[in-house]
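With compact mmCIF, C-alpha atoms inside, this is target.txt:
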# COMPACT_ATOMS: atom_id res chain seq x y z
CA MET A 1 -21.68 41.05 -18.61
CA SER A 2 -21.93 37.77 -20.52
CA THR A 3 -23.89 34.80 -19.25
CA THR A 4 -21.97 31.60 -18.60
CA PRO A 5 -23.50 28.12 -18.35
CA GLU A 6 -23.01 28.30 -14.58
CA ASP A 7 -25.42 31.24 -14.43
CA LEU A 8 -28.30 29.20 -15.86
CA THR A 9 -30.95 27.56 -13.71
CA ASP A 10 -31.86 23.91 -14.11
CA ASP A 11 -34.99 24.94 -16.03
CA ASP A 12 -32.92 27.17 -18.34
CA LEU A 13 -30.46 24.36 -18.98
CA LEU A 14 -33.11 21.78 -19.73
CA ASN A 15 -35.15 24.16 -21.88
CA LEU A 16 -32.21 24.26 -24.28
CA LEU A 17 -32.93 20.61 -25.11
CA THR A 18 -35.76 19.14 -27.18
CA ASP A 19 -38.19 16.67 -25.66
CA ASP A 20 -36.48 13.84 -27.54
CA GLN A 21 -33.06 14.90 -26.23
CA LEU A 22 -34.43 15.11 -22.70
CA ALA A 23 -35.91 11.63 -22.95
CA GLU A 24 -32.64 10.30 -24.34
CA LEU A 25 -30.67 11.97 -21.55
CA ASP A 26 -33.00 10.50 -18.94
CA ASN A 27 -32.57 7.01 -20.43
CA SER A 28 -28.80 7.47 -20.50
CA ILE A 29 -28.78 8.41 -16.83
CA ALA A 30 -30.87 5.36 -15.93
CA GLU A 31 -28.56 3.07 -17.91
CA MET A 32 -25.28 4.68 -16.88
CA PHE A 33 -25.96 4.80 -13.15
CA GLY A 34 -28.41 1.91 -12.94
CA ALA A 35 -25.64 -0.48 -13.97
CA GLU A 36 -23.70 0.56 -10.85
CA GLY A 37 -26.77 0.55 -8.58
CA LEU A 38 -26.63 4.34 -8.37
CA ASP A 39 -29.95 5.19 -10.06
CA ARG A 40 -31.34 6.28 -6.68
CA ALA A 41 -32.55 9.73 -5.74
CA GLU A 42 -29.98 10.40 -3.00
CA ALA A 43 -27.09 9.08 -5.12
CA LEU A 44 -28.13 11.13 -8.15
CA LEU A 45 -28.33 14.30 -6.06
CA VAL A 46 -24.78 13.85 -4.77
CA LEU A 47 -23.42 12.91 -8.19
CA ALA A 48 -25.13 15.91 -9.80
CA ARG A 49 -23.10 18.13 -7.47
CA VAL A 50 -19.90 16.37 -8.47
CA TYR A 51 -20.69 16.91 -12.17
CA SER A 52 -21.45 20.57 -11.50
CA MET A 53 -18.07 20.85 -9.79
CA ARG A 54 -16.44 19.22 -12.79
CA ALA A 55 -18.13 21.65 -15.16
CA ALA A 56 -16.27 24.61 -13.67
CA GLU A 57 -12.96 23.24 -14.94
CA ARG A 58 -14.09 22.62 -18.51
CA ASP A 59 -14.50 24.75 -21.63
CA GLU A 60 -17.90 26.36 -22.10
CA ALA A 61 -19.40 23.71 -24.43
CA SER A 62 -18.35 20.83 -22.17
CA ALA A 63 -19.47 22.77 -19.11
CA LEU A 64 -22.90 23.28 -20.62
CA ALA A 65 -23.24 19.55 -21.37
CA LEU A 66 -22.13 18.60 -17.85
CA LEU A 67 -24.50 21.10 -16.25
CA GLN A 68 -27.36 19.81 -18.38
CA LEU A 69 -26.52 16.29 -17.26
CA ALA A 70 -26.49 17.45 -13.63
CA ALA A 71 -29.83 19.24 -14.07
CA ALA A 72 -31.37 16.14 -15.67
CA MET A 73 -30.05 14.02 -12.79
CA ARG A 74 -31.70 16.32 -10.24
CA ARG A 75 -34.96 16.20 -12.18
CA ARG A 76 -34.80 12.40 -12.34
CA ALA A 77 -34.06 12.29 -8.59
CA GLU A 78 -37.15 14.38 -7.88
CA ARG A 79 -39.25 12.02 -9.96
CA LEU A 80 -37.82 8.99 -8.22
CA MET A 81 -38.64 10.54 -4.83
CA GLN A 82 -42.23 11.15 -5.91
CA ARG A 83 -42.63 7.60 -7.21
CA PRO A 84 -44.77 5.46 -4.85
CA GLN A 85 -42.64 2.88 -3.02
CA MET B 1 41.88 4.28 -14.22
CA ARG B 2 40.80 6.19 -11.18
CA ARG B 3 38.20 7.98 -13.28
CA ARG B 4 36.89 4.63 -14.52
CA GLU B 5 36.60 3.34 -10.96
CA LEU B 6 34.70 6.43 -9.95
CA MET B 7 32.33 5.95 -12.86
CA ALA B 8 31.81 2.32 -11.95
CA GLY B 9 31.18 3.35 -8.35
CA GLY B 10 28.64 5.87 -9.52
CA LEU B 11 26.87 3.23 -11.59
CA VAL B 12 26.67 0.85 -8.64
CA ALA B 13 25.35 3.63 -6.41
CA GLY B 14 22.82 4.58 -9.07
CA LEU B 15 21.60 1.02 -9.39
CA ALA B 16 21.40 0.60 -5.63
CA ALA B 17 19.46 3.81 -5.06
CA PRO B 18 16.06 2.65 -6.32
CA SER B 19 15.95 -0.27 -3.89
CA LEU B 20 16.72 2.12 -1.05
CA VAL B 21 13.84 4.33 -2.12
CA LEU B 22 11.49 1.36 -2.37
CA ALA B 23 12.55 0.11 1.03
CA LYS B 24 11.07 3.12 2.79
CA PRO B 25 7.79 4.45 1.39
CA LYS B 26 7.13 8.16 1.66
CA HIS B 27 3.63 7.56 2.97
CA ALA B 28 2.43 6.05 6.22
CA VAL B 29 1.80 2.31 6.07
CA ALA B 30 -0.43 -0.03 8.06
CA GLY B 31 0.99 -0.46 11.54
CA ASP B 32 2.53 3.02 11.74
CA VAL B 33 1.48 5.46 14.40
CA ALA B 34 -0.59 7.92 12.37
CA PRO B 35 1.37 11.09 11.66
CA GLU B 36 -0.26 14.29 12.83
CA PHE B 37 -2.27 16.19 10.21
CA SER B 38 -4.68 19.05 9.85
CA ILE B 39 -7.27 19.39 7.14
CA SER B 40 -8.97 22.55 5.90
CA THR B 41 -12.58 21.75 5.11
CA VAL B 42 -14.88 23.90 3.00
CA ASN B 43 -17.76 23.99 5.48
CA SER B 44 -16.41 23.36 8.95
CA GLY B 45 -12.97 24.91 9.32
CA VAL B 46 -9.76 23.14 10.21
CA HIS B 47 -9.76 19.69 11.81
CA ARG B 48 -6.70 18.17 13.51
CA LEU B 49 -5.91 14.54 14.18
CA ALA B 50 -4.92 15.49 17.72
CA ASP B 51 -8.58 16.34 18.37
CA MET B 52 -9.85 13.03 16.96
CA ARG B 53 -8.22 10.57 19.36
CA GLY B 54 -10.57 7.72 20.14
CA ASP B 55 -12.34 7.96 16.78
CA VAL B 56 -11.83 5.92 13.64
CA VAL B 57 -10.60 8.32 10.95
CA VAL B 58 -10.73 7.86 7.18
CA ILE B 59 -8.88 10.14 4.77
CA ASN B 60 -10.09 9.74 1.21
CA TYR B 61 -8.21 11.41 -1.65
CA TRP B 62 -10.46 11.84 -4.69
CA ALA B 63 -11.10 13.84 -7.86
CA SER B 64 -14.31 14.70 -9.66
CA TRP B 65 -12.95 13.25 -12.93
CA CYS B 66 -12.35 9.86 -11.29
CA ALA B 67 -15.33 7.55 -11.84
CA PRO B 68 -14.33 5.00 -9.14
CA CYS B 69 -13.97 7.92 -6.69
CA ARG B 70 -17.53 9.03 -7.35
CA ALA B 71 -19.00 5.59 -6.75
CA GLU B 72 -16.82 5.14 -3.67
CA MET B 73 -17.94 8.49 -2.28
CA LEU B 74 -21.54 7.30 -2.29
CA ALA B 75 -20.59 4.06 -0.54
CA LEU B 76 -18.69 5.99 2.13
CA ASP B 77 -21.61 8.39 2.51
CA GLN B 78 -24.08 5.55 3.00
CA PHE B 79 -21.84 3.85 5.57
CA MET B 80 -21.27 7.12 7.43
CA ARG B 81 -25.02 7.75 7.68
CA GLU B 82 -25.53 4.27 9.10
CA LYS B 83 -22.76 4.73 11.67
CA ALA B 84 -23.67 8.20 12.90
CA GLY B 85 -22.64 8.62 16.54
CA LYS B 86 -20.27 5.61 16.49
CA GLY B 87 -17.07 7.63 16.49
CA LEU B 88 -16.34 7.58 12.77
CA ARG B 89 -14.86 10.52 10.89
CA ILE B 90 -14.40 10.63 7.14
CA TYR B 91 -12.62 13.42 5.27
CA ALA B 92 -12.75 13.63 1.49
CA VAL B 93 -9.69 15.51 0.23
CA ASN B 94 -10.11 16.83 -3.28
CA ILE B 95 -6.86 16.80 -5.26
CA GLU B 96 -7.91 19.07 -8.12
CA SER B 97 -6.20 22.42 -8.50
CA SER B 98 -9.10 24.81 -8.65
CA PRO B 99 -12.54 23.41 -7.88
CA PRO B 100 -14.88 26.35 -7.30
CA GLU B 101 -15.61 27.10 -3.66
CA LYS B 102 -19.38 27.18 -4.16
CA ALA B 103 -19.45 23.79 -5.90
CA MET B 104 -17.29 22.31 -3.13
CA ARG B 105 -19.61 23.69 -0.46
CA ASP B 106 -22.68 22.37 -2.32
CA LEU B 107 -21.16 18.92 -2.46
CA SER B 108 -20.03 19.03 1.14
CA GLY B 109 -23.55 20.02 2.19
CA ALA B 110 -24.99 16.96 0.48
CA LEU B 111 -22.56 14.51 2.07
CA SER B 112 -22.51 13.19 5.60
CA PHE B 113 -18.79 14.01 5.95
CA PRO B 114 -16.68 17.09 5.24
CA VAL B 115 -14.91 17.78 1.99
CA GLY B 116 -11.45 19.29 2.27
CA ARG B 117 -9.10 21.13 -0.01
CA ARG B 118 -5.79 20.64 1.70
CA LEU B 119 -4.35 18.22 4.17
CA ALA B 120 -1.16 19.32 5.88
CA GLY B 121 0.93 16.56 7.39
CA LYS B 122 3.75 14.24 6.39
CA GLY B 123 2.96 10.66 5.44
CA TYR B 124 -0.31 11.31 3.61
CA GLY B 125 -1.22 11.96 0.00
CA LYS B 126 -1.89 9.93 -3.13
CA ILE B 127 -0.16 6.57 -3.13
CA ASP B 128 1.48 5.75 -6.48
CA ASN B 129 -0.03 9.06 -7.64
CA ALA B 130 -3.45 7.36 -7.83
CA VAL B 131 -6.93 8.28 -6.75
CA PRO B 132 -8.77 7.19 -4.86
CA THR B 133 -6.25 6.63 -2.10
CA ASN B 134 -7.47 5.90 1.42
CA PHE B 135 -5.89 6.00 4.85
CA VAL B 136 -7.76 4.47 7.78
CA ILE B 137 -6.65 5.20 11.35
CA ASP B 138 -8.00 3.23 14.29
CA ARG B 139 -9.16 4.48 17.69
CA LYS B 140 -5.64 4.13 19.11
CA GLY B 141 -4.17 6.33 16.39
CA VAL B 142 -2.58 3.51 14.38
CA VAL B 143 -2.77 3.37 10.58
CA ARG B 144 -4.69 0.23 9.63
CA HIS B 145 -5.05 0.78 5.90
CA ALA B 146 -3.01 2.88 3.45
CA LYS B 147 -3.70 1.96 -0.15
CA ALA B 148 -4.65 3.26 -3.55
CA GLY B 149 -7.90 1.80 -4.90
CA ALA B 150 -11.60 2.26 -4.35
CA PHE B 151 -13.64 0.71 -1.58
CA SER B 152 -17.05 -0.77 -2.32
CA TYR B 153 -19.64 -0.49 0.42
CA ASP B 154 -18.96 -4.12 1.40
CA SER B 155 -15.18 -3.89 1.45
CA PHE B 156 -15.38 -0.67 3.45
CA ALA B 157 -17.78 -2.23 5.96
CA ARG B 158 -15.54 -5.33 6.29
CA LEU B 159 -12.60 -3.14 7.24
CA LEU B 160 -14.44 -0.54 9.32
CA ASN B 161 -16.92 -2.58 11.35
CA PRO B 162 -14.26 -4.36 13.45
CA LEU B 163 -12.41 -1.07 13.98
CA LEU B 164 -15.59 0.65 15.15
CA ALA B 165 -16.24 -2.27 17.52
CA GLU B 166 -12.87 -1.74 19.25
CA ALA B 167 -13.00 0.03 22.60
CA ARG B 168 -11.95 3.66 22.82
CA PRO B 169 -8.59 3.96 24.58
CA VAL B 170 -8.88 5.21 28.15
CA GLU B 171 -7.63 8.77 28.60
CA VAL B 172 -5.09 9.11 31.38
CA ALA B 173 -5.30 12.50 33.10

Just dump the structure as structure tokens.
Amino acid sequence: MSTTPEDLTDDDLLNLLTDDQLAELDNSIAEMFGAEGLDRAEALLVLARVYSMRAAERDEASALALLQLAAAMRRRAERLMQRPQ
Amino acid sequence: MRRRELMAGGLVAGLAAPSLVLAKPKHAVAGDVAPEFSISTVNSGVHRLADMRGDVVVINYWASWCAPCRAEMLALDQFMREKAGKGLRIYAVNIESSPPEKAMRDLSGALSFPVGRRLAGKGYGKIDNAVPTNFVIDRKGVVRHAKAGAFSYDSFARLLNPLLAEARPVEVA
């Protein structure tokens, strides 16, 4: 049975990226959603689910990219929640 | 000659038809008594308008590929959390053909309102084939908003706050 991107955990998905790519992805998330006031933990967690939903309707390469984005959004949300207010 | 007259008649009828179609929209409009509907949600079964009398009801048609829908969904979620217990119901109806059940349930679990797959009832649906489209029904069961286009938090609050402040209609036994 072959593994699809949907079978991978967040750690698996993010481990496929280099540290530089991860940092770039994190910056992109901050810029992309920050501009709309959505760079907040609770907003990122909801949006990550929407992107995961979107991934299921895409080809494998696009699905992988969307799931990596969603995983990076969840990781960023966790960090934002841990940040002192 | 007769054939020519018939053709001319057909042309006139053809030209007149679009205005007739425009005169009566297929969807409910503000001021209409809200048509009955039922919605199948992914986490909480079927909900019917008949069981929601006295509440303010929002039906939001959206798609995951629609960026304004995503931002609007967060605004609606924030407003819903702030108005918990005030008699507000929001239903997000996904218009995509095959979103996976698990992903839909995950999303529904993260939101303060149910996500649905299908809404059965005449007078609803995408307006001008656009998403997001929203219908807002007041406590008396009257459509107060039926438009394509995304709400911001502020525009949603401006419309909803007065409706939530209206008294629930008195039930007559």

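Remark: for chain A, the closest of the candidate residues B:Ser64, B:Asn129, B:Asn43, B:Asn161 is B:Ser64 (distances computed over all atoms listed in the file).
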
request  = For chain B, list the residues within 9 Å of chain A, counting only C-alpha atoms, and write the list as JSON, numbers by chain.
outcome  = {"B": [64, 65, 70, 71, 74, 98, 99, 100, 102, 103, 104, 106, 107, 110, 111]}

ask   = So, counting all atoms listed in the file, which residue among B:Gly121, B:Ser40, B:Ala63, B:Gly87 is closest to Ala167 (chain B)?
value = B:Gly87

task = Rounded to one decimal place, report the CA of Ala130 (chain B)-CA of Gly149 (chain B) distance in Å.
result =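 So the two atoms, CA of Ala130 (chain B) and CA of Gly149 (chain B), lie 7.7 Å apart.
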
For region 10-26 of chain A: contacts at 12 Å, only C-alpha atoms, fewer than 3 positions along chain excluded, given as a PDB file with C-alpha atoms, in the coordinates of the input:
ATOM      1  CA  THR A   3     -23.890  34.800 -19.250  1.00  0.00           C
ATOM      2  CA  THR A   4     -21.970  31.600 -18.600  1.00  0.00           C
ATOM      3  CA  PRO A   5     -23.500  28.120 -18.350  1.00  0.00           C
ATOM      4  CA  GLU A   6     -23.010  28.300 -14.580  1.00  0.00           C
ATOM      5  CA  ASP A   7     -25.420  31.240 -14.430  1.00  0.00           C
ATOM      6  CA  ILE A  29     -28.780   8.410 -16.830  1.00  0.00           C
ATOM      7  CA  ALA A  30     -30.870   5.360 -15.930  1.00  0.00           C
ATOM      8  CA  GLU A  31     -28.560   3.070 -17.910  1.00  0.00           C
ATOM      9  CA  MET A  32     -25.280   4.680 -16.880  1.00  0.00           C
ATOM     10  CA  PHE A  33     -25.960   4.800 -13.150  1.00  0.00           C
ATOM     11  CA  GLY A  34     -28.410   1.910 -12.940  1.00  0.00           C
ATOM     12  CA  ASP A  39     -29.950   5.190 -10.060  1.00  0.00           C
ATOM     13  CA  LEU A  44     -28.130  11.130  -8.150  1.00  0.00           C
ATOM     14  CA  ALA A  48     -25.130  15.910  -9.800  1.00  0.00           C
ATOM     15  CA  SER A  52     -21.450  20.570 -11.500  1.00  0.00           C
ATOM     16  CA  ALA A  63     -19.470  22.770 -19.110  1.00  0.00           C
ATOM     17  CA  LEU A  64     -22.900  23.280 -20.620  1.00  0.00           C
ATOM     18  CA  ALA A  65     -23.240  19.550 -21.370  1.00  0.00           C
ATOM     19  CA  LEU A  66     -22.130  18.600 -17.850  1.00  0.00           C
ATOM     20  CA  LEU A  67     -24.500  21.100 -16.250  1.00  0.00           C
ATOM     21  CA  GLN A  68     -27.360  19.810 -18.380  1.00  0.00           C
ATOM     22  CA  LEU A  69     -26.520  16.290 -17.260  1.00  0.00           C
ATOM     23  CA  ALA A  70     -26.490  17.450 -13.630  1.00  0.00           C
ATOM     24  CA  ALA A  71     -29.830  19.240 -14.070  1.00  0.00           C
ATOM     25  CA  ALA A  72     -31.370  16.140 -15.670  1.00  0.00           C
ATOM     26  CA  MET A  73     -30.050  14.020 -12.790  1.00  0.00           C
ATOM     27  CA  ARG A  74     -31.700  16.320 -10.240  1.00  0.00           C
ATOM     28  CA  ARG A  75     -34.960  16.200 -12.180  1.00  0.00           C
ATOM     29  CA  ARG A  76     -34.800  12.400 -12.340  1.00  0.00           C
ATOM     30  CA  ALA A  77     -34.060  12.290  -8.590  1.00  0.00           C
ATOM     31  CA  ARG A  79     -39.250  12.020  -9.960  1.00  0.00           C
ATOM     32  CA  LEU A  80     -37.820   8.990  -8.220  1.00  0.00           C
TER      33      LEU A  80
END
